[in-house]
>>> print(open('target-v1.csv').read())   # CSV, N, CA and C atoms
chain,number,residue,atom,x,y,z
A,95,MET,N,25.2,-12.3,37.8
A,95,MET,CA,25.4,-13.1,36.6
A,95,MET,C,24.1,-13.6,36.0
A,96,ILE,N,23.2,-14.1,36.8
A,96,ILE,CA,21.9,-14.6,36.2
A,96,ILE,C,21.1,-13.5,35.6
A,97,VAL,N,21.2,-12.3,36.2
A,97,VAL,CA,20.5,-11.1,35.7
A,97,VAL,C,21.0,-10.8,34.3
A,98,TRP,N,22.3,-10.9,34.1
A,98,TRP,CA,22.9,-10.6,32.8
A,98,TRP,C,22.5,-11.7,31.7
A,99,LEU,N,22.5,-12.9,32.2
A,99,LEU,CA,22.1,-14.0,31.3
A,99,LEU,C,20.6,-13.8,30.9
A,100,LEU,N,19.7,-13.5,31.8
A,100,LEU,CA,18.3,-13.2,31.5
A,100,LEU,C,18.2,-12.0,30.6
A,101,ALA,N,19.0,-11.0,30.8
A,101,ALA,CA,18.9,-9.8,29.9
A,101,ALA,C,19.3,-10.2,28.5
A,102,ILE,N,20.4,-11.0,28.4
A,102,ILE,CA,20.8,-11.4,27.0
A,102,ILE,C,19.8,-12.2,26.3
A,103,VAL,N,19.2,-13.2,27.1
A,103,VAL,CA,18.1,-14.0,26.5
A,103,VAL,C,16.9,-13.2,26.1
A,104,ALA,N,16.5,-12.2,26.9
A,104,ALA,CA,15.4,-11.3,26.6
A,104,ALA,C,15.8,-10.5,25.3
A,105,ALA,N,17.0,-10.0,25.2
A,105,ALA,CA,17.4,-9.2,24.0
A,105,ALA,C,17.4,-10.0,22.8
A,106,ILE,N,17.8,-11.3,22.9
A,106,ILE,CA,17.8,-12.1,21.7
A,106,ILE,C,16.4,-12.4,21.3
A,107,GLY,N,15.5,-12.7,22.3
A,107,GLY,CA,14.1,-12.9,22.0
A,107,GLY,C,13.4,-11.8,21.3
A,108,ALA,N,13.7,-10.6,21.9
A,108,ALA,CA,13.1,-9.3,21.3
A,108,ALA,C,13.6,-9.1,19.9
A,109,PHE,N,14.9,-9.3,19.6
A,109,PHE,CA,15.5,-9.2,18.3
A,109,PHE,C,14.8,-10.1,17.3
A,110,THR,N,14.7,-11.4,17.7
A,110,THR,CA,14.1,-12.4,16.9
A,110,THR,C,12.6,-12.1,16.5
A,111,TRP,N,11.9,-11.6,17.5
A,111,TRP,CA,10.5,-11.2,17.3
A,111,TRP,C,10.3,-10.0,16.4
A,112,LEU,N,11.1,-9.0,16.6
A,112,LEU,CA,11.1,-7.8,15.7
A,112,LEU,C,11.5,-8.2,14.3
A,113,ARG,N,12.5,-9.0,14.1
A,113,ARG,CA,12.9,-9.5,12.8
A,113,ARG,C,11.7,-10.2,12.1
A,114,SER,N,11.0,-11.1,12.8
A,114,SER,CA,9.9,-11.8,12.3
A,114,SER,C,8.8,-10.9,11.9
A,115,VAL,N,8.5,-9.9,12.7
A,115,VAL,CA,7.4,-9.0,12.4
A,115,VAL,C,7.8,-8.2,11.1
A,116,ARG,N,9.0,-7.7,11.0
A,116,ARG,CA,9.4,-7.0,9.8
A,116,ARG,C,9.3,-7.9,8.5
A,117,MET,N,9.8,-9.1,8.6
A,117,MET,CA,9.7,-10.1,7.5
A,117,MET,C,8.3,-10.3,7.1
A,118,ASN,N,7.4,-10.5,8.1
A,118,ASN,CA,6.0,-10.8,7.8
A,118,ASN,C,5.3,-9.6,7.1
A,119,ARG,N,5.7,-8.4,7.6
A,119,ARG,CA,5.2,-7.1,6.9
A,119,ARG,C,5.7,-7.0,5.5
A,120,GLN,N,6.9,-7.3,5.3
A,120,GLN,CA,7.5,-7.2,3.9
A,120,GLN,C,6.8,-8.2,3.0
A,121,ARG,N,6.6,-9.4,3.5
A,121,ARG,CA,5.9,-10.4,2.6
A,121,ARG,C,4.4,-10.0,2.3
A,122,TRP,N,3.8,-9.4,3.3
A,122,TRP,CA,2.4,-8.9,3.1
A,122,TRP,C,2.4,-7.7,2.0
A,123,LEU,N,3.4,-6.8,2.1
A,123,LEU,CA,3.5,-5.7,1.2
A,123,LEU,C,3.7,-6.3,-0.2
A,124,GLN,N,4.5,-7.3,-0.4
A,124,GLN,CA,4.8,-7.9,-1.7
A,124,GLN,C,3.6,-8.6,-2.2
A,125,ARG,N,2.8,-9.3,-1.4
A,125,ARG,CA,1.6,-9.9,-1.9
A,125,ARG,C,0.6,-8.9,-2.3
A,126,LEU,N,0.4,-7.8,-1.5
A,126,LEU,CA,-0.5,-6.7,-1.8
A,126,LEU,C,-0.1,-6.0,-3.1
A,127,ASN,N,1.2,-5.7,-3.3
A,127,ASN,CA,1.7,-5.1,-4.5
A,127,ASN,C,0.9,-3.9,-4.9
A,128,LEU,N,0.8,-2.9,-4.0
A,128,LEU,CA,-0.1,-1.8,-4.3
A,128,LEU,C,0.3,-0.9,-5.4
A,129,PRO,N,1.7,-0.7,-5.7
A,129,PRO,CA,2.0,0.1,-6.9
A,129,PRO,C,1.4,-0.4,-8.2
A,130,GLY,N,0.8,0.5,-8.9
A,130,GLY,CA,0.1,0.2,-10.2
A,130,GLY,C,-1.2,0.9,-10.3
A,131,SER,N,-2.0,0.6,-11.2
A,131,SER,CA,-3.3,1.3,-11.5
A,131,SER,C,-4.4,0.4,-10.9
A,132,TRP,N,-5.3,1.1,-10.2
A,132,TRP,CA,-6.5,0.4,-9.6
A,132,TRP,C,-7.7,1.2,-10.1
A,133,GLU,N,-8.7,0.5,-10.6
A,133,GLU,CA,-9.9,1.1,-11.2
A,133,GLU,C,-11.1,0.9,-10.2
A,134,LEU,N,-11.9,1.9,-10.0
A,134,LEU,CA,-13.1,1.8,-9.1
A,134,LEU,C,-14.1,0.9,-9.8
A,135,GLU,N,-14.5,-0.1,-9.0
A,135,GLU,CA,-15.5,-1.1,-9.5
A,135,GLU,C,-16.9,-0.5,-9.6
A,136,GLY,N,-17.6,-0.7,-10.7
A,136,GLY,CA,-19.0,-0.2,-10.8
A,136,GLY,C,-19.2,1.3,-10.9
A,137,ALA,N,-18.2,2.0,-11.2
A,137,ALA,CA,-18.4,3.5,-11.2
A,137,ALA,C,-19.0,3.9,-12.6
A,138,ASP,N,-19.8,4.9,-12.6
A,138,ASP,CA,-20.4,5.5,-13.8
A,138,ASP,C,-19.3,6.2,-14.6
A,139,THR,N,-18.4,6.9,-13.9
A,139,THR,CA,-17.3,7.6,-14.5
A,139,THR,C,-16.0,6.9,-14.2
A,140,ALA,N,-15.2,6.8,-15.2
A,140,ALA,CA,-13.9,6.1,-15.0
A,140,ALA,C,-13.1,6.8,-13.9
A,141,THR,N,-12.8,6.0,-12.8
A,141,THR,CA,-12.1,6.5,-11.7
A,141,THR,C,-10.9,5.6,-11.5
A,142,VAL,N,-9.7,6.1,-11.5
A,142,VAL,CA,-8.5,5.3,-11.4
A,142,VAL,C,-7.6,5.9,-10.3
A,143,LEU,N,-7.1,5.0,-9.4
A,143,LEU,CA,-6.0,5.4,-8.5
A,143,LEU,C,-4.7,4.8,-8.9
A,144,GLU,N,-3.7,5.5,-9.1
A,144,GLU,CA,-2.4,5.0,-9.5
A,144,GLU,C,-1.4,5.3,-8.4
A,145,PHE,N,-0.8,4.2,-7.9
A,145,PHE,CA,0.3,4.3,-6.9
A,145,PHE,C,1.6,4.0,-7.5
A,146,ARG,N,2.6,4.8,-7.2
A,146,ARG,CA,4.0,4.6,-7.8
A,146,ARG,C,5.0,4.6,-6.7
A,147,ASP,N,6.2,4.2,-7.0
A,147,ASP,CA,7.4,4.2,-6.2
A,147,ASP,C,7.4,2.9,-5.4
A,148,GLY,N,7.5,3.0,-4.1
A,148,GLY,CA,7.8,1.8,-3.2
A,148,GLY,C,6.6,1.0,-2.9
A,149,LEU,N,6.8,-0.1,-2.1
A,149,LEU,CA,5.7,-0.9,-1.7
A,149,LEU,C,4.8,-0.3,-0.6
A,150,ALA,N,5.4,0.6,0.2
A,150,ALA,CA,4.7,1.1,1.4
A,150,ALA,C,4.5,2.6,1.4
A,151,ALA,N,5.1,3.3,0.4
A,151,ALA,CA,5.0,4.8,0.3
A,151,ALA,C,5.4,5.2,-1.1
A,152,GLY,N,5.0,6.4,-1.5
A,152,GLY,CA,5.4,7.0,-2.8
A,152,GLY,C,4.4,8.1,-3.2
A,153,ARG,N,4.3,8.2,-4.5
A,153,ARG,CA,3.4,9.2,-5.1
A,153,ARG,C,2.2,8.5,-5.6
A,154,TYR,N,1.1,9.3,-5.7
A,154,TYR,CA,-0.2,8.7,-6.2
A,154,TYR,C,-0.8,9.8,-7.1
A,155,ALA,N,-1.7,9.3,-8.0
A,155,ALA,CA,-2.5,10.1,-8.9
A,155,ALA,C,-3.9,9.5,-8.8
A,156,ALA,N,-4.9,10.4,-8.6
A,156,ALA,CA,-6.3,9.9,-8.6
A,156,ALA,C,-7.0,10.7,-9.8
A,157,LYS,N,-7.6,9.9,-10.7
A,157,LYS,CA,-8.2,10.5,-11.9
A,157,LYS,C,-9.6,10.1,-11.9
A,158,THR,N,-10.5,11.1,-11.9
A,158,THR,CA,-12.0,10.9,-12.0
A,158,THR,C,-12.6,11.7,-13.1
A,159,GLY,N,-13.0,11.1,-14.1
A,159,GLY,CA,-13.6,11.9,-15.2
A,159,GLY,C,-12.6,12.9,-15.7
A,160,THR,N,-13.0,14.2,-15.5
A,160,THR,CA,-12.1,15.3,-15.9
A,160,THR,C,-11.2,15.8,-14.8
A,161,GLY,N,-11.4,15.4,-13.5
A,161,GLY,CA,-10.6,15.8,-12.4
A,161,GLY,C,-9.4,15.0,-12.1
A,162,ALA,N,-8.4,15.5,-11.5
A,162,ALA,CA,-7.2,14.8,-11.2
A,162,ALA,C,-6.6,15.3,-9.9
A,163,GLU,N,-6.1,14.4,-9.1
A,163,GLU,CA,-5.4,14.8,-7.8
A,163,GLU,C,-4.1,14.1,-7.7
A,164,ARG,N,-3.1,14.7,-7.3
A,164,ARG,CA,-1.8,14.1,-7.1
A,164,ARG,C,-1.2,14.4,-5.7
A,165,GLY,N,-0.4,13.5,-5.3
A,165,GLY,CA,0.2,13.7,-3.9
A,165,GLY,C,1.0,12.5,-3.5
A,166,ASP,N,1.2,12.4,-2.2
A,166,ASP,CA,2.0,11.4,-1.6
A,166,ASP,C,1.1,10.4,-0.9
A,167,TRP,N,1.5,9.1,-0.9
A,167,TRP,CA,0.8,8.1,-0.2
A,167,TRP,C,1.7,7.3,0.7
A,168,ARG,N,1.1,6.8,1.8
A,168,ARG,CA,1.9,6.0,2.8
A,168,ARG,C,1.0,4.9,3.4
A,169,LEU,N,1.5,3.7,3.5
A,169,LEU,CA,0.7,2.6,4.1
A,169,LEU,C,1.3,2.2,5.4
A,170,THR,N,0.6,2.4,6.5
A,170,THR,CA,1.0,2.1,7.8
A,170,THR,C,0.0,1.1,8.4
A,171,GLY,N,0.4,-0.2,8.6
A,171,GLY,CA,-0.5,-1.2,9.0
A,171,GLY,C,-1.6,-1.4,7.9
A,172,ASP,N,-2.8,-1.2,8.3
A,172,ASP,CA,-3.9,-1.3,7.3
A,172,ASP,C,-4.5,0.1,7.0
A,173,VAL,N,-3.7,1.2,7.3
A,173,VAL,CA,-4.2,2.6,7.1
A,173,VAL,C,-3.4,3.2,6.0
A,174,LEU,N,-4.2,3.6,5.0
A,174,LEU,CA,-3.6,4.2,3.8
A,174,LEU,C,-3.8,5.7,4.0
A,175,THR,N,-2.7,6.5,4.0
A,175,THR,CA,-2.7,7.9,4.2
A,175,THR,C,-2.4,8.6,2.8
A,176,LEU,N,-3.3,9.4,2.4
A,176,LEU,CA,-3.1,10.2,1.1
A,176,LEU,C,-3.0,11.6,1.5
A,177,THR,N,-1.9,12.2,1.0
A,177,THR,CA,-1.6,13.7,1.2
A,177,THR,C,-1.6,14.3,-0.1
A,178,PRO,N,-2.7,15.0,-0.6
A,178,PRO,CA,-2.6,15.7,-1.9
A,178,PRO,C,-1.6,16.8,-1.8
A,179,ASP,N,-1.1,17.1,-3.0
A,179,ASP,CA,-0.1,18.3,-3.1
A,179,ASP,C,-0.9,19.5,-2.6
A,180,GLY,N,-0.3,20.2,-1.7
A,180,GLY,CA,-0.9,21.4,-1.2
A,180,GLY,C,-2.1,21.2,-0.3
A,181,GLY,N,-2.4,20.0,0.2
A,181,GLY,CA,-3.6,19.8,1.0
A,181,GLY,C,-3.2,19.0,2.2
A,182,ASP,N,-4.3,18.7,3.0
A,182,ASP,CA,-4.1,18.0,4.3
A,182,ASP,C,-4.2,16.5,4.0
A,183,SER,N,-3.5,15.8,4.8
A,183,SER,CA,-3.6,14.3,4.7
A,183,SER,C,-4.9,13.7,5.2
A,184,GLU,N,-5.3,12.6,4.6
A,184,GLU,CA,-6.5,11.9,5.0
A,184,GLU,C,-6.1,10.4,5.2
A,185,ASP,N,-6.7,9.8,6.2
A,185,ASP,CA,-6.4,8.4,6.5
A,185,ASP,C,-7.6,7.6,6.0
A,186,TYR,N,-7.3,6.4,5.4
A,186,TYR,CA,-8.4,5.5,4.9
A,186,TYR,C,-8.1,4.1,5.4
A,187,ALA,N,-9.1,3.4,5.7
A,187,ALA,CA,-8.9,2.0,6.0
A,187,ALA,C,-8.8,1.2,4.7
A,188,LEU,N,-7.8,0.3,4.7
A,188,LEU,CA,-7.5,-0.5,3.5
A,188,LEU,C,-7.8,-1.9,3.8
A,189,ARG,N,-8.6,-2.5,3.0
A,189,ARG,CA,-8.9,-4.0,3.1
A,189,ARG,C,-8.5,-4.6,1.8
A,190,VAL,N,-7.9,-5.8,2.0
A,190,VAL,CA,-7.4,-6.6,0.8
A,190,VAL,C,-8.3,-7.8,0.6
A,191,PHE,N,-8.8,-7.9,-0.6
A,191,PHE,CA,-9.7,-9.1,-1.0
A,191,PHE,C,-8.9,-10.1,-1.8
A,192,GLU,N,-9.2,-11.3,-1.7
A,192,GLU,CA,-8.5,-12.4,-2.3
A,192,GLU,C,-8.5,-12.3,-3.9
A,193,ASN,N,-9.4,-11.7,-4.4
A,193,ASN,CA,-9.5,-11.7,-5.9
A,193,ASN,C,-8.7,-10.6,-6.6
A,194,GLY,N,-7.8,-10.0,-5.8
A,194,GLY,CA,-7.0,-8.9,-6.4
A,194,GLY,C,-7.6,-7.6,-6.4
A,195,ALA,N,-8.5,-7.4,-5.4
A,195,ALA,CA,-9.2,-6.2,-5.2
A,195,ALA,C,-8.9,-5.6,-3.9
A,196,ILE,N,-9.0,-4.3,-3.7
A,196,ILE,CA,-8.8,-3.6,-2.4
A,196,ILE,C,-10.0,-2.8,-2.1
A,197,GLY,N,-10.3,-2.6,-0.9
A,197,GLY,CA,-11.4,-1.7,-0.4
A,197,GLY,C,-10.7,-0.5,0.3
A,198,ILE,N,-11.2,0.6,0.0
A,198,ILE,CA,-10.8,1.9,0.6
A,198,ILE,C,-12.0,2.5,1.2
A,199,ASP,N,-11.9,2.9,2.5
A,199,ASP,CA,-13.0,3.5,3.2
A,199,ASP,C,-12.5,4.7,4.0
A,200,GLY,N,-13.0,5.8,3.7
A,200,GLY,CA,-12.7,7.0,4.5
A,200,GLY,C,-13.3,8.3,3.8
A,201,PRO,N,-12.9,9.5,4.2
A,201,PRO,CA,-13.5,10.7,3.7
A,201,PRO,C,-13.5,10.8,2.2
A,202,GLY,N,-14.6,10.9,1.6
A,202,GLY,CA,-14.7,11.1,0.1
A,202,GLY,C,-14.5,9.8,-0.7
A,203,ARG,N,-14.1,8.7,0.0
A,203,ARG,CA,-14.0,7.4,-0.6
A,203,ARG,C,-14.6,6.4,0.2
A,204,GLU,N,-15.8,6.6,0.6
A,204,GLU,CA,-16.5,5.6,1.5
A,204,GLU,C,-16.8,4.3,0.8
A,205,ARG,N,-16.3,3.2,1.4
A,205,ARG,CA,-16.6,1.9,0.9
A,205,ARG,C,-16.4,1.7,-0.6
A,206,GLN,N,-15.3,2.1,-1.1
A,206,GLN,CA,-15.0,2.0,-2.5
A,206,GLN,C,-14.1,0.7,-2.7
A,207,ILE,N,-14.4,0.0,-3.8
A,207,ILE,CA,-13.7,-1.2,-4.1
A,207,ILE,C,-13.0,-1.0,-5.4
A,208,TYR,N,-11.7,-1.2,-5.4
A,208,TYR,CA,-10.9,-1.0,-6.6
A,208,TYR,C,-10.3,-2.3,-7.0
A,209,VAL,N,-10.2,-2.5,-8.3
A,209,VAL,CA,-9.6,-3.8,-8.9
A,209,VAL,C,-8.4,-3.3,-9.7
A,210,ARG,N,-7.4,-4.2,-9.7
A,210,ARG,CA,-6.2,-3.9,-10.4
A,210,ARG,C,-6.4,-3.8,-11.9
A,211,ARG,N,-5.9,-2.8,-12.4
A,211,ARG,CA,-6.1,-2.5,-13.9
A,211,ARG,C,-4.9,-3.2,-14.6
A,212,ASN,N,-5.2,-4.0,-15.5
A,212,ASN,CA,-4.1,-4.7,-16.3
A,212,ASN,C,-3.7,-3.8,-17.5
A,213,ASP,N,-2.5,-3.3,-17.5
A,213,ASP,CA,-2.1,-2.6,-18.6
A,213,ASP,C,-1.4,-3.5,-19.6
A,214,ASN,N,-1.7,-3.4,-20.8
A,214,ASN,CA,-1.1,-4.3,-21.8
A,214,ASN,C,0.1,-3.7,-22.5
A,215,VAL,N,0.7,-2.7,-21.9
A,215,VAL,CA,1.9,-2.0,-22.5
A,215,VAL,C,3.1,-2.8,-22.2
A,216,VAL,N,3.8,-3.2,-23.2
A,216,VAL,CA,5.1,-3.9,-23.1
A,216,VAL,C,6.2,-3.0,-23.6
A,217,GLN,N,7.2,-2.8,-22.7
A,217,GLN,CA,8.4,-1.9,-23.1
A,217,GLN,C,9.2,-2.7,-24.0
A,218,LEU,N,9.5,-2.2,-25.2
A,218,LEU,CA,10.4,-2.8,-26.2
A,218,LEU,C,11.7,-2.1,-26.2
A,219,THR,N,12.8,-2.8,-26.2
A,219,THR,CA,14.1,-2.2,-26.4
A,219,THR,C,14.6,-2.4,-27.8
A,220,ARG,N,15.3,-1.4,-28.3
A,220,ARG,CA,15.7,-1.4,-29.6
A,220,ARG,C,17.1,-2.2,-29.7
A,221,GLY,N,17.1,-3.1,-30.7
A,221,GLY,CA,18.4,-3.8,-30.8
A,221,GLY,C,19.5,-3.0,-31.5
A,222,SER,N,20.7,-3.3,-31.2
A,222,SER,CA,21.9,-2.6,-31.8
A,222,SER,C,22.1,-2.9,-33.2
>>> encode(input="target-v1.csv", output="structure tokens")
Amino acid sequence: MIVWLLAIVAAIGAFTWLRSVRMNRQRWLQRLNLPGSWELEGADTATVLEFRDGLAAGRYAAKTGTGAERGDWRLTGDVLTLTPDGGDSEDYALRVFENGAIGIDGPGRERQIYVRRNDNVVQLTRGS
């Protein structure tokens, strides 16, 4: 009887802890708000990373001067995984700065800082 009671209490505790972890992760993803356009700070050539779709995964496009790369992205913890179309995936450390900037560090993107690009495009709907 006591064993069952302890098992039930442990299960409730584990459920509560997992729920809390998921909610904290969701709040962090919403604050980060990765989808959108991010411009490389201090670059000689315009370099833009654009993340689309969900808060933790989706499609991306990297545009540098005349070159472009497209593929899938996924955020697991503080690791950003980019998988170019037809290529191998690469993992990057992601740091979030308070001023709306992110740091990406990994192969080909060593210690890069990106700032959110504000697009002034407003979608207008036509009246009937």
>>> atom_distance(input="target-v1.csv", atom1="atom N of Ala155 in chain A", atom2="atom N of Trp132 in chain A")
9.2 Å
>>> closest_residue(input="target-v1.csv", among="A:Pro178, A:Glu192, A:Leu169, A:Ala187", to="Arg205 in chain A", atoms="only C-alpha atoms")
A:Ala187
>>> atom_distance(input="target-v1.csv", atom1="atom N of Ala156 in chain A", atom2="atom N of Glu144 in chain A")
5.1 Å
>>> atom_distance(input="target-v1.csv", atom1="CA of Glu184 in chain A", atom2="CA of Pro201 in chain A")
7.2 Å
>>> closest_residue(input="target-v1.csv", among="A:Leu99, A:Val209, A:Ala150, A:Leu112", to="Gln124 in chain A", atoms="all atoms listed in the file")
A:Ala150
>>> closest_residue(input="target-v1.csv", among="A:Arg119, A:Phe145, A:Ile96, A:Phe109", to="Thr170 in chain A", atoms="only C-alpha atoms")
A:Arg119
>>> select_by_dssp(input="target-v1.csv", residues="range 122-211 of chain A", states="strand (DSSP E or B)", output="count of residues only")
52
